[in-house]
Amino acid sequence: MVCLGLGGDIGKWNAEQREEAQKRIDCYKRIRRIVHWGDRYLLRSALEGSVSAVLFMDKLKENGVLFIFRTYESEPIVLSKIYLHGLQQERNYEIDGEVKSGAAWQTCGLVLSLANFESRMLTVRRVEGE
């Protein structure tokens with residue numbers, strides 16, 4: 001999970017495909033430092049069910065990247081909360097537009113809706129006050 005791979009014959013890509021590839025490369029460049037040299041927290045293992053989650057945080061616990069993956073599970077399913085470890089308890093963090101303390105993210109968790117074989121990448125950002 002700490003590298004980016006793009007496949008295909010790049011010489012045959014149209015402008016839209018090249019633009020999409022550039023967006024993915026730019027995104028990877030923004031998170032590369034965190035996923036390569038940050039701390040990794042396995043929040044939920046793929047061996048425990050259809051949802052797995054991994055959080056990478058920089059060494060100062062200011063910025064992070066949360067990866068969540070869902071495999072197949074018959075519908076309907078209510079996804080359980082993902083409890084975020086690795087955050088400073090007394091600091092506030094914004095995830096997916098919501099701000100909570102590190103303690104709240106750890107005890108209250110994050111609720112997401114994912115379809116079968118859907119994944120999400122969310123940024124985690126320490127915020128002052130609030």
# chains A, B, ... in the order shown; residues from 1 in each chain; ligands from 1

$ select_by_dssp --residues "chain A" --states "helix (DSSP H, G or I)" --output "ChimeraX atom specification"
/A:10-12,15-37,46-48,102-108

$ write_last_selection --atoms "N, CA, C and O atoms" --output "CSV table (one decimal), in the first residue's frame"
chain,number,residue,atom,x,y,z
A,10,ILE,N,0.6,3.5,-22.0
A,10,ILE,CA,0.5,5.0,-21.8
A,10,ILE,C,0.4,5.7,-23.1
A,10,ILE,O,-0.3,6.7,-23.3
A,11,GLY,N,1.2,5.2,-24.1
A,11,GLY,CA,1.2,5.9,-25.4
A,11,GLY,C,-0.1,5.9,-26.1
A,11,GLY,O,-0.4,6.7,-27.0
A,12,LYS,N,-1.0,5.0,-25.7
A,12,LYS,CA,-2.3,4.9,-26.3
A,12,LYS,C,-3.5,5.5,-25.5
A,12,LYS,O,-4.6,5.5,-25.9
A,15,ALA,N,-6.7,11.8,-23.8
A,15,ALA,CA,-6.4,13.0,-22.9
A,15,ALA,C,-7.1,12.8,-21.5
A,15,ALA,O,-6.6,13.1,-20.5
A,16,GLU,N,-8.3,12.2,-21.5
A,16,GLU,CA,-9.0,12.0,-20.3
A,16,GLU,C,-8.3,10.9,-19.4
A,16,GLU,O,-8.2,11.1,-18.2
A,17,GLN,N,-7.8,9.9,-20.0
A,17,GLN,CA,-7.0,8.9,-19.3
A,17,GLN,C,-5.7,9.5,-18.7
A,17,GLN,O,-5.3,9.2,-17.6
A,18,ARG,N,-5.1,10.3,-19.5
A,18,ARG,CA,-3.8,10.9,-19.0
A,18,ARG,C,-4.1,11.9,-17.8
A,18,ARG,O,-3.4,11.9,-16.9
A,19,GLU,N,-5.2,12.6,-17.9
A,19,GLU,CA,-5.6,13.5,-16.9
A,19,GLU,C,-5.9,12.7,-15.6
A,19,GLU,O,-5.5,13.2,-14.5
A,20,GLU,N,-6.6,11.6,-15.7
A,20,GLU,CA,-7.0,10.8,-14.5
A,20,GLU,C,-5.7,10.3,-13.9
A,20,GLU,O,-5.5,10.3,-12.7
A,21,ALA,N,-4.8,9.8,-14.7
A,21,ALA,CA,-3.5,9.3,-14.2
A,21,ALA,C,-2.7,10.4,-13.5
A,21,ALA,O,-2.2,10.2,-12.4
A,22,GLN,N,-2.7,11.6,-14.0
A,22,GLN,CA,-2.0,12.7,-13.4
A,22,GLN,C,-2.6,13.1,-12.1
A,22,GLN,O,-1.9,13.3,-11.1
A,23,LYS,N,-4.0,13.0,-12.0
A,23,LYS,CA,-4.6,13.2,-10.7
A,23,LYS,C,-4.2,12.2,-9.6
A,23,LYS,O,-4.0,12.5,-8.5
A,24,ARG,N,-4.1,11.0,-10.0
A,24,ARG,CA,-3.7,9.9,-9.1
A,24,ARG,C,-2.2,10.1,-8.7
A,24,ARG,O,-1.9,9.8,-7.5
A,25,ILE,N,-1.4,10.5,-9.6
A,25,ILE,CA,0.0,10.7,-9.3
A,25,ILE,C,0.1,11.9,-8.3
A,25,ILE,O,0.9,11.8,-7.4
A,26,ASP,N,-0.6,13.0,-8.6
A,26,ASP,CA,-0.6,14.1,-7.7
A,26,ASP,C,-1.0,13.7,-6.3
A,26,ASP,O,-0.4,14.2,-5.3
A,27,CYS,N,-2.1,13.0,-6.2
A,27,CYS,CA,-2.6,12.5,-4.9
A,27,CYS,C,-1.5,11.7,-4.2
A,27,CYS,O,-1.3,11.9,-3.0
A,28,TYR,N,-0.9,10.8,-4.9
A,28,TYR,CA,0.1,9.9,-4.3
A,28,TYR,C,1.3,10.8,-3.8
A,28,TYR,O,1.8,10.5,-2.7
A,29,LYS,N,1.7,11.8,-4.6
A,29,LYS,CA,2.8,12.6,-4.1
A,29,LYS,C,2.4,13.4,-2.8
A,29,LYS,O,3.3,13.6,-2.0
A,30,ARG,N,1.1,13.7,-2.6
A,30,ARG,CA,0.7,14.4,-1.4
A,30,ARG,C,0.8,13.5,-0.2
A,30,ARG,O,1.1,14.0,0.9
A,31,ILE,N,0.6,12.2,-0.4
A,31,ILE,CA,0.5,11.3,0.8
A,31,ILE,C,1.8,10.4,0.9
A,31,ILE,O,1.9,9.8,1.9
A,32,ARG,N,2.6,10.5,0.0
A,32,ARG,CA,3.8,9.6,-0.1
A,32,ARG,C,4.7,9.6,1.2
A,32,ARG,O,5.0,8.6,1.8
A,33,ARG,N,4.9,10.8,1.7
A,33,ARG,CA,5.8,11.0,2.9
A,33,ARG,C,5.1,10.3,4.1
A,33,ARG,O,5.8,9.7,4.9
A,34,ILE,N,3.8,10.4,4.2
A,34,ILE,CA,3.1,9.8,5.3
A,34,ILE,C,3.1,8.3,5.2
A,34,ILE,O,3.4,7.6,6.2
A,35,VAL,N,2.8,7.7,4.1
A,35,VAL,CA,2.7,6.3,4.0
A,35,VAL,C,4.1,5.6,4.0
A,35,VAL,O,4.2,4.4,4.4
A,36,HIS,N,5.1,6.3,3.6
A,36,HIS,CA,6.5,5.7,3.6
A,36,HIS,C,7.1,5.8,4.9
A,36,HIS,O,7.8,4.9,5.4
A,37,TRP,N,7.0,7.0,5.6
A,37,TRP,CA,7.8,7.2,6.8
A,37,TRP,C,7.0,7.4,8.1
A,37,TRP,O,7.5,7.6,9.1
A,46,ALA,N,-8.4,-7.6,7.3
A,46,ALA,CA,-9.2,-8.3,6.3
A,46,ALA,C,-9.5,-9.7,6.7
A,46,ALA,O,-10.5,-10.3,6.2
A,47,LEU,N,-8.8,-10.2,7.7
A,47,LEU,CA,-9.1,-11.6,8.2
A,47,LEU,C,-10.3,-11.6,9.1
A,47,LEU,O,-10.8,-12.7,9.4
A,48,GLU,N,-10.7,-10.4,9.5
A,48,GLU,CA,-11.8,-10.3,10.5
A,48,GLU,C,-13.2,-10.1,9.9
A,48,GLU,O,-14.2,-10.0,10.6
A,102,GLY,N,-9.1,13.4,19.3
A,102,GLY,CA,-8.5,12.1,19.1
A,102,GLY,C,-9.2,11.0,20.0
A,102,GLY,O,-9.4,9.9,19.6
A,103,ALA,N,-9.5,11.4,21.2
A,103,ALA,CA,-10.2,10.5,22.1
A,103,ALA,C,-11.5,10.1,21.6
A,103,ALA,O,-11.9,8.9,21.7
A,104,ALA,N,-12.3,11.1,21.0
A,104,ALA,CA,-13.6,10.8,20.5
A,104,ALA,C,-13.5,9.9,19.3
A,104,ALA,O,-14.3,8.9,19.1
A,105,TRP,N,-12.5,10.1,18.4
A,105,TRP,CA,-12.4,9.2,17.2
A,105,TRP,C,-12.0,7.8,17.7
A,105,TRP,O,-12.5,6.8,17.1
A,106,GLN,N,-11.3,7.7,18.8
A,106,GLN,CA,-10.9,6.4,19.3
A,106,GLN,C,-12.1,5.7,19.9
A,106,GLN,O,-12.2,4.5,19.8
A,107,THR,N,-12.9,6.4,20.7
A,107,THR,CA,-14.0,5.7,21.4
A,107,THR,C,-15.3,5.7,20.7
A,107,THR,O,-16.1,4.8,20.8
A,108,CYS,N,-15.6,6.8,19.9
A,108,CYS,CA,-16.9,6.8,19.2
A,108,CYS,C,-16.8,6.2,17.8
A,108,CYS,O,-17.8,5.7,17.2

$ residues_around --residues "A:Gly64" --least-positions-apart "5" --cutoff "9 Å" --atoms "only C-alpha atoms" --output "count of residues only"
13

$ atom_distance --atom1 "atom CA of A:Gly7" --atom2 "atom CA of A:Ser45"
27.2 Å

$ select_by_dssp --residues "chain A" --states "strand (DSSP E or B)" --output "PyMOL selection string"
chain A and resi 39-44+51-57+63-70+82+92-95+98-101+110+119-127

$ atom_distance --atom1 "atom CA of A:Met121" --atom2 "atom CA of A:Phe69"
8.9 Å

$ atom_distance --atom1 "atom CA of A:Leu60" --atom2 "atom CA of A:Asp96"
20.4 Å

$ residues_around --residues "A:Thr71" --least-positions-apart "6" --cutoff "7 Å" --atoms "only C-alpha atoms" --output "list in words"
Ser50, Val51, Asn116 and Phe117 of chain A

$ write_last_selection --atoms "N, CA, C and O atoms" --output "short mmCIF file (atom, residue, chain, number, x, y, z; two decimals), in the first residue's frame"
data_model
loop_
_atom_site.label_atom_id
_atom_site.label_comp_id
_atom_site.auth_asym_id
_atom_site.auth_seq_id
_atom_site.Cartn_x
_atom_site.Cartn_y
_atom_site.Cartn_z
N SER A 50 -15.41 -8.40 6.12
CA SER A 50 -15.40 -7.84 4.77
C SER A 50 -14.83 -6.43 4.69
O SER A 50 -14.67 -5.89 3.60
N VAL A 51 -14.54 -5.80 5.83
CA VAL A 51 -14.00 -4.45 5.83
C VAL A 51 -12.64 -4.45 6.52
O VAL A 51 -12.49 -5.00 7.61
N ASN A 116 -20.14 -3.14 -1.93
CA ASN A 116 -19.22 -4.24 -2.16
C ASN A 116 -18.10 -3.80 -3.09
O ASN A 116 -18.33 -3.14 -4.10
N PHE A 117 -16.88 -4.15 -2.72
CA PHE A 117 -15.66 -3.88 -3.48
C PHE A 117 -15.35 -2.39 -3.63
O PHE A 117 -14.60 -1.97 -4.50
#

$ closest_residue --among "A:Asn14, A:Gln89, A:Ser74, A:Ser101" --to "A:Val127" --atoms "only C-alpha atoms"
A:Ser101

$ closest_residue --among "A:Gly97, A:Gly49, A:Gly86, A:Gly5" --to "A:Arg70" --atoms "only C-alpha atoms"
A:Gly49
